[in-house]
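Student: Have a look at the structure that comes next, please.
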Amino acid sequence: MSHYTSLPAPYRIMDRRKHPILQKCNSGSRFSMHRPNVLRLILFLTIAPVLGLFPEAAKAQWERDTLFRMLDELEVTATKSTRLLSEVPGRVDVLAREDVEAMPFTKLDDMLRTVSGVNVNRSSGMFTMRPSLSMRGLSGDEQSRTLVMINGTPINTSDEGGVNWNSINTADIEQVEIYKGPGSSLYGSNAMGGVINIVTREPSEPFRARAEINYGTFQTLQSRLSLHSRINDRISFQVNGFYTDSDGYNPVPDSLRELPEYRFAVPRYLREGGGTARVVYEHSELFQVDFSYDIFRDKRGEGTEIQAPDGMYRNFDKNRFRLGIDGRHQAFRYEMNLFFQRENYFMINERMRGDAYQRFDVDSDRDDMGLSLDLFRDFGSRHSLAGGFEIKTGSVDGGDFYQTSEAQAINKGKMRFLAGYLQDEVSLLEDRLHLQLGLRYDHVSFYDGFFRATGEEVSDFAVYNGELEDNSWSTLSPRTAMRYHASDQLSLYLSYSRGFRASILDDLSRSGWMWVGPKIANPELGPETLDNYEFGMDITPLDNLSLSPTLYYARGHDFLYYVETGDLLWGTRPVYRRENVSGVDIFGFEFDMSWHATHEISLF
């Protein structure tokens with residue numbers, strides 16, 4: 001579904017074509033397009049005609065004071081440059097700040113459920129350890145097939161490919177751009193299914209503070225604090241944080257807790273908090289600096305307590321740094337991003353084997369860092385060229401460390417991505433036809449892989465000990481697309497794009513247990529690829545009504561799945577390994593509708 005709203009500075013609004021976005025222009029104030037309560041909507045639509053709430057004079061005044069237009073100009077994820085959404089030859093949805101604030105959710109992934117083509121797996125609600133999100137049917141347990149960014153910086157980890165949605169503070173969001181379909185021609189790996197870019201707020205007032213506190217069932221306390229300041233024309237800063245504490249619930253019913261297998265069941269508790277500090281310095285149009293630091297601490301009980309003081313639990317501790325430098329001079333613009341993030345994953349796992357107590361701790365450092373440079377050059381108002389390069393590395397250093405014996409299982413590995421891309425955009429036929437051509441080259445290497453298992457508990461995996469073979473491969477990601485405006489009420493687009501996903505380090509370097517059972521590392525894995533063909537339309541039969549059907553077909557190659565190796569663990573359990581084994585066909589149809597009945601009421 002398409003979500004429309006008005007944008008604050010520095011994004012400029014351009015009255016290019018009529019679309020159902022309501023922005024009052026005579027006073028400069030903005031209307032928030034909040035999602036209405038369903039009951040209020042039904043009541044309003046029922047009684048409004050009876051009470052005569054739409055007299056002709058009021059309707060005429062409303063039309064004089066209001067411009068119907070779309071969420072016009074923004075840093076569109078689909079092009080890496082500022083474009084009218086009506087010119088982008090692809091499907092881009094936007095959740096604006098007003099949408100985020102109006103939704104009855106506390107986590108961003110839950111909010112994205114309202115976008116067509118997006119699937120979310122959060123089976124235990126706020127207590128879910130690692131929520132996952134996928135787009136257009138590309139497997140909910142493979143988060144790495146959707147790229148997620150904050151202010152254009154990727155936050156997927158190389159080790160397991162996912163994103164910790166619990167770490168994202170929704171109070172800090174300005175807008176969320178959801179680009180559907182492969183975005184690898186610009187963003188490389190992980191962008192096979194789509195790209196989600198989270199844009200955070202920038203201070204525009206001398207000082208602004210906001211505090212929020214909520215209390216709910218299971219002794220759940222949530223709090224948020226946000227401080228923003230625009231010190232002068234050059235310097236602004238913001239500090240915000242959040243914290244959630246919940247005693248949780250016991251997943252085992254009272255009637256079963258006397259059974260031996262459930263005697264150690266306890267409530268699943270939650271302690272999580274995070275914060276962001278950001279400083280923006282605008283020296284001149286040619287040189288601006290944006291620095292931010294994010295911290296997140298998360299402790300989640302597993303619902304079992306035998307001997308460990310806090311029972312079985314998991315920690316997800318994350319630190320993330322980003323330095324952005326950008327500027328422009330006449331028709332030339334550049335952007336440089338440098339980032340580093342570390343996630344320390346720690347888990348206590350305890351269990352009883354007969355009368356014997358066993359405990360092992362999982363401790364893993366997952367590092368990701370990268371540098372990207374994007375260059376943009378406009379040739380008049382109808383032709384622009386973009387290009388750039390990127391270097392990114394990911395690593396894992398972790399293992400299972402037994403506390404009741406000397407056993408250990410250690411895995412290490414690194415990945416390196418080297419890439420360059422070029423994109424050309426042209427407008428023809430008096431801006432009715434927009435063409436986009438793009439191509440990206442990626443060279444991916446896996447190296448310094450290592451696995452070692454010692455001790456009786458992991459002796460069955462010791463046969464796989466040693467250094468792992470290095471591996472490298474290259475891929476091209478093309479994109480060609482066009483959008484044609486047949487009239488002010490109808491535009492159509494057609495596109496072909498190829499996306500890819502590199503394997504995760506967990507599959508390349510770690511042998512151990514997964515949900516399928518025992519699995520071994522496979523350092524020889526290649527990329528998954530996806531060819532996507534797409535056709536879409538945007539129709540505005542009325543000024544306040546928009547319809548957006550989309551039809552797509554995708555063909556996947558060399559998809560990764562667990563395959564039995566033929567070996568047996570303990571003589572009974574089959575051993576698995578990831579392999580590039582499968583072709584995948586996906587057909588899809590999406591239909592979005594947005595109707596703005598009044599300033600305050602919309603139906604989507």
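Naming scheme: A, B, ... for chains in displayed order of the structure tokens; residues 1 onward per chain; ligands 1 onward as shown.
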Would you list the contacts of segment 536-545 of chain A as a PyMOL selection string, taking every protein, DNA or RNA residue within 6 Å and counting only C-alpha atoms, but skipping same-chain residues closer than 2 positions in sequence?
Tutor: chain A and resi 20+489-493+547-550+594-596
Student: Mind dumping the selected residues with N, CA, C and O atoms as an mmCIF file, in the first residue's frame?
Tutor:
```cif
data_model
loop_
_atom_site.group_PDB
_atom_site.id
_atom_site.type_symbol
_atom_site.label_atom_id
_atom_site.label_comp_id
_atom_site.auth_asym_id
_atom_site.auth_seq_id
_atom_site.Cartn_x
_atom_site.Cartn_y
_atom_site.Cartn_z
ATOM 1 N N PRO A 20 -2.845 12.160 -4.141
ATOM 2 C CA PRO A 20 -3.590 12.304 -2.893
ATOM 3 C C PRO A 20 -2.700 12.530 -1.681
ATOM 4 O O PRO A 20 -2.665 11.734 -0.767
ATOM 5 N N GLN A 489 -3.446 11.256 -15.043
ATOM 6 C CA GLN A 489 -4.118 10.276 -14.182
ATOM 7 C C GLN A 489 -3.558 8.869 -14.310
ATOM 8 O O GLN A 489 -3.945 7.979 -13.554
ATOM 9 N N LEU A 490 -2.634 8.634 -15.230
ATOM 10 C CA LEU A 490 -2.151 7.278 -15.463
ATOM 11 C C LEU A 490 -0.666 7.275 -15.808
ATOM 12 O O LEU A 490 -0.224 7.989 -16.700
ATOM 13 N N SER A 491 0.103 6.467 -15.079
ATOM 14 C CA SER A 491 1.492 6.217 -15.440
ATOM 15 C C SER A 491 1.766 4.725 -15.303
ATOM 16 O O SER A 491 1.141 4.032 -14.492
ATOM 17 N N LEU A 492 2.702 4.232 -16.107
ATOM 18 C CA LEU A 492 3.022 2.819 -16.148
ATOM 19 C C LEU A 492 4.539 2.657 -16.073
ATOM 20 O O LEU A 492 5.285 3.510 -16.556
ATOM 21 N N TYR A 493 4.975 1.559 -15.470
ATOM 22 C CA TYR A 493 6.414 1.286 -15.482
ATOM 23 C C TYR A 493 6.660 -0.181 -15.785
ATOM 24 O O TYR A 493 5.824 -1.050 -15.537
ATOM 25 N N LEU A 547 -4.826 4.278 -7.103
ATOM 26 C CA LEU A 547 -4.794 2.824 -7.248
ATOM 27 C C LEU A 547 -3.440 2.437 -7.838
ATOM 28 O O LEU A 547 -2.975 3.054 -8.793
ATOM 29 N N SER A 548 -2.812 1.408 -7.271
ATOM 30 C CA SER A 548 -1.471 1.013 -7.708
ATOM 31 C C SER A 548 -1.357 -0.502 -7.810
ATOM 32 O O SER A 548 -0.943 -1.161 -6.851
ATOM 33 N N PRO A 549 -1.724 -1.092 -8.945
ATOM 34 C CA PRO A 549 -1.517 -2.523 -9.143
ATOM 35 C C PRO A 549 -0.095 -2.820 -9.619
ATOM 36 O O PRO A 549 0.501 -2.036 -10.368
ATOM 37 N N THR A 550 0.451 -3.958 -9.190
ATOM 38 C CA THR A 550 1.790 -4.383 -9.574
ATOM 39 C C THR A 550 1.787 -5.883 -9.846
ATOM 40 O O THR A 550 1.230 -6.657 -9.069
ATOM 41 N N SER A 594 -5.465 3.920 -1.959
ATOM 42 C CA SER A 594 -5.445 4.946 -0.930
ATOM 43 C C SER A 594 -6.508 5.986 -1.253
ATOM 44 O O SER A 594 -6.505 6.567 -2.347
ATOM 45 N N TRP A 595 -7.409 6.185 -0.303
ATOM 46 C CA TRP A 595 -8.512 7.148 -0.483
ATOM 47 C C TRP A 595 -8.521 8.097 0.704
ATOM 48 O O TRP A 595 -8.625 7.673 1.850
ATOM 49 N N HIS A 596 -8.382 9.392 0.421
ATOM 50 C CA HIS A 596 -8.390 10.415 1.460
ATOM 51 C C HIS A 596 -9.767 11.076 1.473
ATOM 52 O O HIS A 596 -10.073 11.919 0.643
#
```
Student: Run DSSP on the backbone and tell me which residues of segment 328-525 of chain A come out as alpha helix (DSSP H); list them as a count of residues only.
Tutor: 5
Student: Compare A:Tyr215, A:Val118, A:Ala277, A:Gly137 by their minimum atom-to-atom distance to Val584 of chain A, counting only C-alpha atoms, and give me the closest one.
Tutor: A:Gly137
Student: Residues of segment 310-415 of chain A in strand (DSSP E or B) according to DSSP, as a PyMOL selection string?
Tutor: chain A and resi 313-329+332-353+356-378+383-402+408-415
Student: Closest to Ser381 of chain A among A:Arg83, A:Arg97, A:Arg300, A:His228, using only C-alpha atoms?
Tutor: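 Checking each candidate against Ser381 of chain A, we get A:Arg83 as the closest.
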Student: Which residue gives the smallest distance to Glu174 of chain A among A:Ile231, A:Ala191, A:Leu95, A:Leu428, with only C-alpha atoms counted?
Tutor: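 Checking each candidate against Glu174 of chain A, we get A:Leu95 as the closest.
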Student: Do a neighbour search on Gly380 of chain A at 12 Å with only C-alpha atoms, toss out local chain neighbours closer than 3 positions, and write the hits as a list in words.
Tutor: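 Everything that qualifies: Gln330, Ala331, Phe332, Arg377, His383, Ser384, Leu385, Glu425, Val426 and Ser427 of chain A.
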Student: Just the selected residues (C-alpha atoms), exported as a PDB file, in the first residue's frame, please.
Tutor:
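part_25.pdb, written as the output of this step:
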```pdb
ATOM      1  CA  GLN A 330      26.678  23.260  -9.022  1.00  0.00           C
ATOM      2  CA  ALA A 331      25.730  20.091 -10.937  1.00  0.00           C
ATOM      3  CA  PHE A 332      28.132  17.832  -9.007  1.00  0.00           C
ATOM      4  CA  ARG A 377      26.529  14.585 -11.986  1.00  0.00           C
ATOM      5  CA  HIS A 383      19.909  13.632 -17.622  1.00  0.00           C
ATOM      6  CA  SER A 384      21.917  12.480 -14.607  1.00  0.00           C
ATOM      7  CA  LEU A 385      24.744  10.063 -14.063  1.00  0.00           C
ATOM      8  CA  GLU A 425      18.870   8.277 -15.822  1.00  0.00           C
ATOM      9  CA  VAL A 426      17.266  10.138 -18.711  1.00  0.00           C
ATOM     10  CA  SER A 427      13.919  11.911 -19.143  1.00  0.00           C
TER      11      SER A 427
END
```
Student: Applying 9 Å and only C-alpha atoms, which residues near segment 149-154 of chain A remain after dropping the ones on its own chain fewer than 2 positions away? List them as a ChimeraX atom specification.
Tutor: /A:77,80,147,156-157,195-200,322,337-339
Student: Quick one: distance from atom CA of Ser405 of chain A to atom CA of Leu569 of chain A in Å, one decimal?
Tutor: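 Interatomic distance here is 20.6 Å.
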Student: Closest to Met593 of chain A among A:Leu270, A:Ser546, A:Ala308, A:Phe535, using only C-alpha atoms?
Tutor: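 So, comparing all the options, the nearest one is A:Ser546.
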Student: Just want the 7 Å neighbourhood of Phe587 of chain A, counted on only C-alpha atoms, with same-chain residues fewer than 2 positions away dropped. Output as a PyMOL selection string.
Tutor: chain A and resi 552-554+585
Student: For the residues selected in the previous step, produce a file with N, CA, C and O atoms as an mmCIF file, in the first residue's frame.
Tutor:
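Output (out26.cif):
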```cif
data_model
loop_
_atom_site.group_PDB
_atom_site.id
_atom_site.type_symbol
_atom_site.label_atom_id
_atom_site.label_comp_id
_atom_site.auth_asym_id
_atom_site.auth_seq_id
_atom_site.Cartn_x
_atom_site.Cartn_y
_atom_site.Cartn_z
ATOM 1 N N TYR A 552 4.478 -9.105 -10.942
ATOM 2 C CA TYR A 552 5.888 -9.430 -11.100
ATOM 3 C C TYR A 552 6.102 -10.940 -11.195
ATOM 4 O O TYR A 552 5.306 -11.742 -10.703
ATOM 5 N N TYR A 553 7.189 -11.291 -11.854
ATOM 6 C CA TYR A 553 7.635 -12.674 -11.944
ATOM 7 C C TYR A 553 9.128 -12.696 -11.675
ATOM 8 O O TYR A 553 9.886 -11.893 -12.232
ATOM 9 N N ALA A 554 9.561 -13.595 -10.797
ATOM 10 C CA ALA A 554 10.977 -13.696 -10.439
ATOM 11 C C ALA A 554 11.441 -15.132 -10.583
ATOM 12 O O ALA A 554 10.732 -16.071 -10.193
ATOM 13 N N ASP A 585 10.719 -20.241 -8.604
ATOM 14 C CA ASP A 585 9.832 -19.386 -9.396
ATOM 15 C C ASP A 585 8.847 -18.691 -8.468
ATOM 16 O O ASP A 585 8.197 -19.346 -7.643
#
```
Student: Go ahead and compute the interatomic distance for atom CA of Val239 of chain A and atom CA of Leu227 of chain A, in Å to one decimal.
Tutor: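 Value for the atom CA of Val239 of chain A-atom CA of Leu227 of chain A distance: 5.2 Å.
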Student: Counting only C-alpha atoms, figure out which residue out of A:Ser582, A:Asp290, A:Pro518, A:Thr217 gets nearest to Glu564 of chain A.
Tutor: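 Distance minimum relative to Glu564 of chain A lands on A:Pro518.
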